[in-house]
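Colleague: What follows is the file coords.tsv, containing TSV, C-alpha atoms and all ligand atoms:
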chain	number	residue	atom	x	y	z
A	29	MET	CA	108.18	51.04	161.58
A	30	ASP	CA	109.47	51.80	158.06
A	31	MET	CA	111.16	55.09	157.16
A	32	GLN	CA	108.12	56.36	155.27
A	33	THR	CA	105.72	55.91	158.18
A	34	SER	CA	108.13	57.34	160.72
A	35	PHE	CA	108.78	60.47	158.61
A	36	LEU	CA	105.03	60.87	158.06
A	37	ASP	CA	104.41	60.59	161.81
A	38	ARG	CA	107.07	63.20	162.54
A	39	LEU	CA	105.48	65.51	159.99
A	40	PHE	CA	102.08	65.06	161.66
A	41	ASP	CA	103.55	65.52	165.16
A	42	SER	CA	105.27	68.74	164.15
A	43	GLY	CA	102.05	70.02	162.55
A	44	LEU	CA	103.75	70.52	159.15
A	45	LEU	CA	101.28	68.06	157.61
A	46	ILE	CA	97.73	67.63	158.90
A	47	GLU	CA	95.94	64.29	158.77
A	48	THR	CA	92.63	64.06	156.91
A	49	GLY	CA	91.98	60.35	157.41
A	50	VAL	CA	92.96	59.56	153.80
A	51	ASP	CA	96.48	58.40	152.88
A	52	GLY	CA	98.12	60.91	150.60
A	53	LEU	CA	95.64	63.74	151.30
A	54	TYR	CA	97.04	66.22	153.80
A	55	GLY	CA	96.57	69.72	155.09
A	56	ARG	CA	99.70	71.87	155.33
A	57	SER	CA	100.81	74.32	157.98
A	58	GLY	CA	101.79	77.94	157.34
A	59	THR	CA	105.43	76.94	157.78
A	60	PHE	CA	105.15	74.24	155.12
A	61	GLU	CA	103.49	76.71	152.74
A	62	ASP	CA	106.13	79.34	153.45
A	63	VAL	CA	108.83	76.88	152.30
A	64	ILE	CA	106.91	76.19	149.08
A	65	ALA	CA	106.45	79.92	148.45
A	66	ALA	CA	110.17	80.53	149.06
A	67	PHE	CA	111.16	77.71	146.69
A	68	GLU	CA	108.84	79.08	144.03
A	69	ARG	CA	110.61	82.43	144.32
A	70	LEU	CA	113.89	80.58	143.76
A	71	ILE	CA	112.36	79.04	140.61
A	72	ASP	CA	111.39	82.56	139.50
A	73	ARG	CA	114.95	83.75	140.09
A	74	PHE	CA	116.25	81.08	137.71
A	75	GLY	CA	113.49	81.17	135.11
A	76	GLY	CA	111.88	84.58	135.49
A	77	ALA	CA	113.99	86.37	132.87
A	78	ASP	CA	113.08	83.87	130.12
A	79	GLY	CA	109.82	85.70	129.40
A	80	ALA	CA	107.47	82.74	129.91
A	81	GLU	CA	103.77	83.52	129.77
A	82	ALA	CA	102.26	82.75	133.20
A	83	ILE	CA	98.97	80.84	133.09
A	84	ARG	CA	97.14	79.32	136.07
A	85	PHE	CA	94.46	76.68	135.46
A	86	PRO	CA	92.24	75.35	138.24
A	87	PRO	CA	92.91	71.75	139.40
A	88	GLY	CA	90.13	70.42	137.17
A	89	MET	CA	90.20	70.27	133.38
A	90	ASN	CA	87.75	69.88	130.49
A	91	ARG	CA	86.82	66.18	130.27
A	92	ALA	CA	86.79	66.31	126.46
A	93	TYR	CA	90.43	67.52	126.45
A	94	PHE	CA	91.33	64.83	128.96
A	95	GLU	CA	89.72	62.14	126.76
A	96	LYS	CA	91.60	63.36	123.71
A	97	SER	CA	94.89	63.47	125.63
A	98	GLY	CA	94.96	59.66	125.80
A	99	TYR	CA	95.59	59.65	129.57
A	100	MET	CA	93.09	56.79	130.08
A	101	LYS	CA	95.07	54.64	127.63
A	102	SER	CA	98.29	55.06	129.59
A	103	PHE	CA	97.36	55.69	133.25
A	104	PRO	CA	93.73	54.67	133.92
A	105	GLN	CA	94.72	53.63	137.46
A	106	LEU	CA	95.78	57.18	138.36
A	107	ALA	CA	92.93	59.24	136.93
A	108	GLY	CA	90.28	61.01	138.99
A	109	THR	CA	86.94	62.07	137.52
A	110	VAL	CA	84.46	64.51	139.06
A	111	HIS	CA	80.96	63.07	139.48
A	112	SER	CA	77.81	64.84	140.71
A	113	PHE	CA	74.29	63.91	141.68
A	114	CYS	CA	72.07	64.40	138.64
A	115	GLY	CA	68.90	62.56	139.72
A	116	CYS	CA	65.33	63.58	140.54
A	117	GLU	CA	63.69	64.01	143.97
A	118	LEU	CA	62.92	60.31	144.17
A	119	ASP	CA	66.54	59.45	143.45
A	120	HIS	CA	67.49	61.91	146.18
A	121	VAL	CA	65.30	60.07	148.68
A	122	SER	CA	67.01	56.77	147.79
A	123	LEU	CA	70.42	58.42	148.05
A	124	ILE	CA	69.75	59.74	151.57
A	125	LYS	CA	68.29	56.37	152.61
A	126	ALA	CA	71.36	54.50	151.29
A	127	MET	CA	73.66	56.98	153.06
A	128	ASP	CA	71.75	56.65	156.35
A	129	GLU	CA	71.98	52.87	156.10
A	130	GLY	CA	75.69	52.93	155.33
A	131	GLN	CA	75.04	51.51	151.83
A	132	ASP	CA	76.69	52.64	148.59
A	133	TRP	CA	75.01	55.98	147.76
A	134	THR	CA	77.16	56.84	144.74
A	135	GLY	CA	75.14	54.93	142.12
A	136	GLU	CA	73.30	58.04	140.90
A	137	GLN	CA	76.49	60.09	140.68
A	138	LYS	CA	77.11	60.96	137.01
A	139	ALA	CA	80.30	62.08	135.32
A	140	THR	CA	80.48	65.86	134.94
A	141	ASP	CA	82.41	67.75	132.28
A	142	ILE	CA	85.36	68.06	134.66
A	143	VAL	CA	88.18	65.67	135.49
A	144	LEU	CA	90.97	66.30	137.98
A	145	THR	CA	94.13	67.58	136.32
A	146	PRO	CA	96.75	64.80	136.16
A	147	ALA	CA	99.71	67.05	135.31
A	148	ALA	CA	99.88	70.84	135.22
A	149	CYS	CA	100.56	71.01	131.49
A	150	TYR	CA	97.58	68.93	130.29
A	151	PRO	CA	95.13	71.85	129.88
A	152	LEU	CA	97.78	73.96	128.13
A	153	TYR	CA	98.17	72.20	124.76
A	154	PRO	CA	94.56	72.55	123.54
A	155	THR	CA	94.47	76.11	124.88
A	156	ILE	CA	97.54	77.16	122.88
A	157	ALA	CA	96.44	75.23	119.78
A	158	LYS	CA	93.18	77.23	119.74
A	159	ARG	CA	95.15	80.48	119.44
A	160	GLY	CA	96.54	79.47	116.02
A	161	ARG	CA	100.16	79.26	114.92
A	162	LEU	CA	102.92	80.00	117.40
A	163	LYS	CA	105.04	83.13	117.06
A	164	GLN	CA	108.44	82.88	115.36
A	165	LYS	CA	110.18	82.38	118.70
A	166	GLY	CA	107.83	79.52	119.64
A	167	GLY	CA	106.05	79.35	122.99
A	168	LEU	CA	107.16	79.31	126.63
A	169	TYR	CA	104.68	78.97	129.51
A	170	ASP	CA	104.87	79.05	133.29
A	171	LEU	CA	102.23	76.89	135.01
A	172	GLN	CA	101.32	75.77	138.51
A	173	SER	CA	98.45	73.52	139.47
A	174	TYR	CA	97.28	71.03	142.00
A	175	CYS	CA	97.36	67.62	140.31
A	176	PHE	CA	95.52	64.44	141.25
A	177	ARG	CA	96.82	60.89	141.05
A	178	HIS	CA	94.99	58.01	142.67
A	179	GLU	CA	97.84	56.31	144.45
A	180	PRO	CA	97.15	56.22	148.20
A	181	SER	CA	100.35	55.61	150.16
A	182	ASN	CA	101.89	56.19	153.56
A	183	ASP	CA	104.96	57.64	151.88
A	184	PRO	CA	104.58	61.39	152.52
A	185	ALA	CA	106.37	61.95	149.19
A	186	ARG	CA	103.57	60.18	147.34
A	187	GLN	CA	100.46	62.29	147.70
A	188	GLN	CA	97.17	62.11	145.84
A	189	LEU	CA	96.72	65.87	145.52
A	190	PHE	CA	99.95	67.81	145.14
A	191	ARG	CA	101.25	70.91	143.37
A	192	MET	CA	103.31	70.86	140.25
A	193	ARG	CA	105.08	73.94	138.93
A	194	GLU	CA	105.97	73.58	135.27
A	195	TYR	CA	107.64	75.34	132.40
A	196	VAL	CA	106.51	74.18	128.97
A	197	CYS	CA	108.37	74.94	125.74
A	198	MET	CA	106.96	74.66	122.21
A	199	GLY	CA	109.24	75.04	119.20
A	200	THR	CA	111.59	73.10	116.96
A	201	GLN	CA	113.24	69.89	118.14
A	202	GLN	CA	116.42	71.89	118.82
A	203	ASP	CA	114.57	74.62	120.78
A	204	VAL	CA	112.79	72.23	123.09
A	205	THR	CA	115.71	69.86	123.70
A	206	ASP	CA	117.93	72.90	124.49
A	207	PHE	CA	115.21	74.10	126.90
A	208	ARG	CA	115.15	70.72	128.61
A	209	GLN	CA	118.94	70.63	128.97
A	210	LEU	CA	118.94	74.21	130.32
A	211	TRP	CA	116.50	73.22	133.08
A	212	MET	CA	118.40	70.02	133.92
A	213	ASP	CA	121.48	72.22	134.52
A	214	ARG	CA	119.43	74.80	136.41
A	215	GLY	CA	117.74	72.12	138.53
A	216	VAL	CA	121.13	70.83	139.69
A	217	LYS	CA	122.28	74.40	140.48
A	218	MET	CA	119.09	75.25	142.38
A	219	MET	CA	119.31	72.15	144.54
A	220	ALA	CA	122.99	72.90	145.22
A	221	GLU	CA	121.94	76.37	146.46
A	222	VAL	CA	119.59	74.77	148.99
A	223	GLU	CA	122.17	72.07	149.78
A	224	LEU	CA	120.19	69.02	148.71
A	225	PRO	CA	122.02	65.97	147.27
A	226	VAL	CA	120.79	65.08	143.78
A	227	GLU	CA	121.28	62.66	140.98
A	228	ILE	CA	119.78	62.79	137.50
A	229	ASP	CA	118.65	59.60	135.85
A	230	VAL	CA	116.54	58.40	132.94
A	231	ALA	CA	113.03	57.64	134.09
A	232	ASN	CA	109.93	55.75	133.14
A	233	ASP	CA	106.29	56.42	133.91
A	234	PRO	CA	103.96	53.78	135.43
A	235	PHE	CA	102.21	52.95	132.12
A	236	PHE	CA	99.33	50.54	132.74
A	237	GLY	CA	99.18	46.89	131.76
A	238	ARG	CA	101.01	44.76	129.22
A	239	ALA	CA	100.75	47.31	126.41
A	240	GLY	CA	102.27	49.79	128.85
A	241	LYS	CA	105.52	47.81	128.95
A	242	MET	CA	106.24	48.80	125.37
A	243	MET	CA	105.63	52.45	126.20
A	244	VAL	CA	108.02	52.19	129.15
A	245	ASN	CA	110.73	50.71	126.91
A	246	ASN	CA	110.18	53.36	124.26
A	247	GLN	CA	110.35	56.18	126.83
A	248	ARG	CA	113.56	54.83	128.30
A	249	ASP	CA	115.30	53.86	125.04
A	250	GLN	CA	114.66	57.26	123.50
A	251	ASN	CA	115.65	59.22	126.65
A	252	LEU	CA	112.30	60.99	126.62
A	253	LYS	CA	112.17	61.49	130.38
A	254	PHE	CA	114.80	62.35	132.97
A	255	GLU	CA	114.27	62.90	136.66
A	256	LEU	CA	116.14	64.76	139.35
A	257	LEU	CA	116.18	62.45	142.36
A	258	ILE	CA	116.69	63.35	146.02
A	259	PRO	CA	116.70	60.82	148.88
A	260	ILE	CA	113.72	61.52	151.17
A	261	THR	CA	112.33	58.34	152.69
A	262	SER	CA	114.85	55.98	151.12
A	263	VAL	CA	118.48	56.28	150.14
A	264	ALA	CA	118.32	53.23	147.86
A	265	LYS	CA	115.25	54.60	146.07
A	266	PRO	CA	115.53	58.39	145.97
A	267	THR	CA	112.40	60.41	145.10
A	268	ALA	CA	111.78	62.20	141.80
A	269	CYS	CA	111.50	65.88	142.71
A	270	MET	CA	111.76	67.27	139.17
A	271	SER	CA	111.06	65.72	135.80
A	272	PHE	CA	112.26	66.73	132.34
A	273	ASN	CA	110.07	65.46	129.53
A	274	TYR	CA	110.56	65.59	125.76
A	275	HIS	CA	107.31	64.71	123.98
A	276	GLN	CA	108.82	64.85	120.47
A	277	ASP	CA	106.02	66.01	118.14
A	278	SER	CA	103.36	63.80	119.77
A	279	PHE	CA	101.42	66.64	121.43
A	280	GLY	CA	102.04	68.85	118.40
A	281	VAL	CA	100.38	66.26	116.16
A	282	LYS	CA	97.58	65.43	118.64
A	283	TRP	CA	96.54	69.03	119.31
A	284	GLY	CA	97.54	70.63	116.00
A	285	LEU	CA	100.27	72.85	117.48
A	286	GLU	CA	101.99	74.66	114.62
A	287	LEU	CA	105.14	76.72	114.42
A	288	HIS	CA	104.99	80.11	112.66
A	289	ASP	CA	105.78	78.41	109.32
A	290	GLY	CA	103.12	75.71	109.72
A	291	ALA	CA	105.49	72.88	110.74
A	292	VAL	CA	104.37	70.67	113.63
A	293	ALA	CA	105.70	71.92	116.97
A	294	HIS	CA	107.82	69.78	119.25
A	295	THR	CA	107.18	70.21	122.98
A	296	ALA	CA	108.98	69.64	126.26
A	297	CYS	CA	108.03	70.29	129.86
A	298	VAL	CA	109.91	70.58	133.11
A	299	GLY	CA	108.03	69.88	136.34
A	300	PHE	CA	108.86	70.66	139.96
A	301	GLY	CA	107.06	68.55	142.58
A	302	LEU	CA	106.61	71.32	145.15
A	303	GLU	CA	105.55	69.17	148.12
A	304	ARG	CA	108.37	66.73	147.42
A	305	ILE	CA	110.95	69.52	147.33
A	306	ALA	CA	109.61	70.92	150.62
A	307	LEU	CA	109.74	67.42	152.14
A	308	ALA	CA	113.33	66.97	150.90
A	309	LEU	CA	114.26	70.24	152.63
A	310	PHE	CA	112.58	69.18	155.89
A	311	HIS	CA	114.20	65.75	155.72
A	312	HIS	CA	117.73	67.05	155.11
A	313	HIS	CA	117.74	70.26	157.16
A	314	GLY	CA	115.27	69.46	159.96
A	315	LEU	CA	111.63	70.18	160.70
A	316	ASP	CA	112.20	73.79	161.83
A	317	PRO	CA	113.24	76.10	158.98
A	318	LYS	CA	114.48	78.68	161.52
A	319	LEU	CA	117.26	76.20	162.36
A	320	TRP	CA	118.29	75.49	158.75
A	321	PRO	CA	121.83	76.42	157.67
A	322	ALA	CA	122.16	80.18	157.11
A	323	THR	CA	123.25	79.56	153.50
A	324	VAL	CA	120.06	77.61	152.77
A	325	ARG	CA	117.89	80.23	154.49
A	326	LYS	CA	119.59	82.95	152.43
A	327	ALA	CA	118.95	81.08	149.17
A	328	LEU	CA	115.27	80.75	150.09
A	329	TRP	CA	114.43	83.94	151.99
A	330	GLY	CA	117.23	86.32	150.92
B	1	LIG	P1	105.50	63.41	136.49
B	1	LIG	O1	104.46	63.99	135.57
B	1	LIG	O2	106.88	63.44	135.94
B	1	LIG	O3	105.11	62.05	137.02
B	1	LIG	O4	105.48	64.33	137.79
B	1	LIG	C1	106.09	65.59	137.77
B	1	LIG	C2	106.62	65.86	139.16
B	1	LIG	O5	105.53	65.89	140.08
B	1	LIG	C3	107.52	64.74	139.67
B	1	LIG	O6	108.87	64.91	139.29
B	1	LIG	C4	107.33	64.87	141.15
B	1	LIG	O7	108.22	65.81	141.68
B	1	LIG	C5	105.90	65.34	141.31
B	1	LIG	N1	105.07	64.18	141.67
B	1	LIG	C6	104.73	63.12	140.90
B	1	LIG	N2	103.98	62.25	141.59
B	1	LIG	C7	103.84	62.76	142.82
B	1	LIG	C8	103.18	62.31	144.00
B	1	LIG	O8	102.56	61.24	144.06
B	1	LIG	N3	103.25	63.11	145.10
B	1	LIG	C9	103.92	64.27	145.09
B	1	LIG	N4	103.94	65.01	146.21
B	1	LIG	N5	104.56	64.73	144.00
B	1	LIG	C10	104.53	63.99	142.88
B	2	ZN	ZN	104.15	68.54	131.74
Would you mind giving the structure from this file in structure tokens?
Modeller:
Amino acid sequence: MDMQTSFLDRLFDSGLLIETGVDGLYGRSGTFEDVIAAFERLIDRFGGADGAEAIRFPPGMNRAYFEKSGYMKSFPQLAGTVHSFCGCELDHVSLIKAMDEGQDWTGEQKATDIVLTPAACYPLYPTIAKRGRLKQKGGLYDLQSYCFRHEPSNDPARQQLFRMREYVCMGTQQDVTDFRQLWMDRGVKMMAEVELPVEIDVANDPFFGRAGKMMVNNQRDQNLKFELLIPITSVAKPTACMSFNYHQDSFGVKWGLELHDGAVAHTACVGFGLERIALALFHHHGLDPKLWPATVRKALWG
């Protein structure tokens, strides 16, 4: 049995994760949720005084915004769209018949105006652009959302529906690269407080297809994305538990985000993979948080 499957089985046996019959789609116990809540309070302790505006979007976003974002150009394999039955009574009869006969019943399902959110910050940019120019100090936002990525796996650290906490900064190039560096330093400090081993490395996203290779090279060569990695199910391939992204002015141009003087805004975002961080804690400190080192418990529960 590989390390991923054995860790997943231990998580199921302990009740921390609950099987649904679909790889990467799990229920979570109260104990698991308590660890996530405690880690989010730690995030607040580090970032709370920065004055970010808290916004919570649901896990679905406006399909028109999603289309404009270009996500389907880069990651069509990961996207999830929400479809609903839009037929007449006759269509309904055929649907029920197909379902009863174990045939494909989804033919009449039509795309709705909603797609599943691929990253917590996606609904933010058009929302902020609609407000008009940013204030002189730029913009800083605190987000958390369930995100969907279609990548079924038996690695418990690769889930299809997971929560991402993010801070997003909009400002000048200097503002947003300073913000990103600040959170790289904070990320290392936070993980030291909960006694998790980390390394930071340049990263690349799984851009689709041959054209995607160029995007990967560009992202890596320009240091646009860093990740904070923690070994969970593999020491050789540690898992990205935080990411630090500098979008240059690409979202500013796409969405018309303007600084107070009308210049195009640069943006950066910092994401915490909350399930992954909880899994890293369970992997390193054991499946029962009551038995974790007192120092770690203090950092998380005071
Ligand atoms: P990114 O947008 O950089 O791919 O993802 C942001 C953060 O979300 C990652 O650093 C990671 O912590 C988390 N994340 C990304 N993909 C997955 C996944 O498949 N499962 C889980 N649980 N977290 C993920
Ligand atoms: Zn983001």
Colleague: Find the residue from A:Ala306, A:Ile64, A:Val298, A:Val204 that sits nearest to ligand ZN 2 (chain B); use only C-alpha atoms and all ligand atoms when measuring.
Modeller: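 Counting only C-alpha atoms and all ligand atoms, the residue closest to ligand ZN 2 (chain B) is A:Val298.
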Colleague: Enumerate residues in contact with ligand ZN 2 (chain B): an atom-to-atom distance of at most 9 Å, counting all atoms listed in the file. Format the result as a list in words.
Modeller: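 Checking all atoms listed in the file against ligand ZN 2 (chain B) at 9 Å gives Ala147, Ala148, Cys149, Tyr150, Met192, Glu194, Tyr195, Val196, Ser271, Phe272, Asn273, Ala296, Cys297, Val298 and Gly299 of chain A.
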Colleague: Which is closest to A:Met31 among A:Ile228, A:Asn182, A:Asp249, A:Gly160, if we use only C-alpha atoms?
Modeller: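 For A:Met31, the nearest of the candidates is A:Asn182.
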Colleague: Can you write out as JSON lines which residues of chain A fall within 6 Å of ligand LIG 1 (chain B), alongside each residue's closest atom pair and its distance in Å to one decimal, counting only C-alpha atoms and all ligand atoms and ordering rows by chain and ascending residue number?
Modeller:
{"residue": "A:Ala147", "atom": "CA", "partner": "B:LIG1", "partner_atom": "O1", "distance": 5.7}
{"residue": "A:Ala185", "atom": "CA", "partner": "B:LIG1", "partner_atom": "N4", "distance": 4.9}
{"residue": "A:Arg186", "atom": "CA", "partner": "B:LIG1", "partner_atom": "O8", "distance": 3.6}
{"residue": "A:Gln187", "atom": "CA", "partner": "B:LIG1", "partner_atom": "N3", "distance": 3.9}
{"residue": "A:Gln188", "atom": "CA", "partner": "B:LIG1", "partner_atom": "O8", "distance": 5.7}
{"residue": "A:Phe190", "atom": "CA", "partner": "B:LIG1", "partner_atom": "N4", "distance": 5.0}
{"residue": "A:Met192", "atom": "CA", "partner": "B:LIG1", "partner_atom": "O5", "distance": 5.4}
{"residue": "A:Ala268", "atom": "CA", "partner": "B:LIG1", "partner_atom": "O6", "distance": 4.7}
{"residue": "A:Cys269", "atom": "CA", "partner": "B:LIG1", "partner_atom": "O7", "distance": 3.4}
{"residue": "A:Met270", "atom": "CA", "partner": "B:LIG1", "partner_atom": "O6", "distance": 3.7}
{"residue": "A:Ser271", "atom": "CA", "partner": "B:LIG1", "partner_atom": "O6", "distance": 4.2}
{"residue": "A:Gly299", "atom": "CA", "partner": "B:LIG1", "partner_atom": "C1", "distance": 4.9}
{"residue": "A:Phe300", "atom": "CA", "partner": "B:LIG1", "partner_atom": "O7", "distance": 5.2}
{"residue": "A:Gly301", "atom": "CA", "partner": "B:LIG1", "partner_atom": "O7", "distance": 3.1}
{"residue": "A:Glu303", "atom": "CA", "partner": "B:LIG1", "partner_atom": "N4", "distance": 4.9}
{"residue": "A:Arg304", "atom": "CA", "partner": "B:LIG1", "partner_atom": "N4", "distance": 4.9}
Colleague: Would you pick out the contacts of A:Asp289 at 9 Å or less, using all atoms listed in the file, so that residues sharing its chain but fewer than 5 positions from it are not included, and give the list as a list in words?
Modeller: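 Here the answer would be Arg161, Leu162 and Gln164 of chain A.
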Colleague: Work out how far apart atom CA of A:Asp72 and atom CA of A:Leu319 are and give it in Å to one decimal.
Modeller: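 Interatomic distance, atom CA of A:Asp72 to atom CA of A:Leu319: 24.4 Å.
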Colleague: Enter the distance from atom CA of A:Tyr274 to atom CA of A:Ile71, in Å, rounded to one decimal.
Modeller: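 Computed distance, atom CA of A:Tyr274 to atom CA of A:Ile71, equals 20.1 Å.
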Colleague: At a cut-off of 12 Å, can you tabulate as a Markdown table every residue of stretch 83-106 of chain A near stretch 167-180 of chain A together with its closest atom pair and the distance in Å to one decimal, using all atoms listed in the file and ordering rows by chain then number?
Modeller:
| residue | atom | partner | partner_atom | distance |
| --- | --- | --- | --- | --- |
| A:Ile83 | CA | A:Leu171 | CA | 5.5 |
| A:Arg84 | CA | A:Leu171 | CA | 5.7 |
| A:Phe85 | CA | A:Ser173 | CA | 6.5 |
| A:Pro86 | CA | A:Ser173 | CA | 6.6 |
| A:Pro87 | CA | A:Tyr174 | CA | 5.1 |
| A:Gly88 | CA | A:Cys175 | CA | 8.4 |
| A:Met89 | CA | A:Cys175 | CA | 10.3 |
| A:Tyr99 | CA | A:Arg177 | CA | 11.6 |
| A:Phe103 | CA | A:Arg177 | CA | 9.4 |
| A:Pro104 | CA | A:His178 | CA | 9.5 |
| A:Gln105 | CA | A:His178 | CA | 6.8 |
| A:Leu106 | CA | A:His178 | CA | 4.5 |
Colleague: Out of A:Glu227, A:Glu221, A:Glu47, A:Asp141, which residue has the shortest atom-to-atom distance to A:Arg91 when counting only C-alpha atoms?
Modeller: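 Counting only C-alpha atoms, the residue closest to A:Arg91 is A:Asp141.
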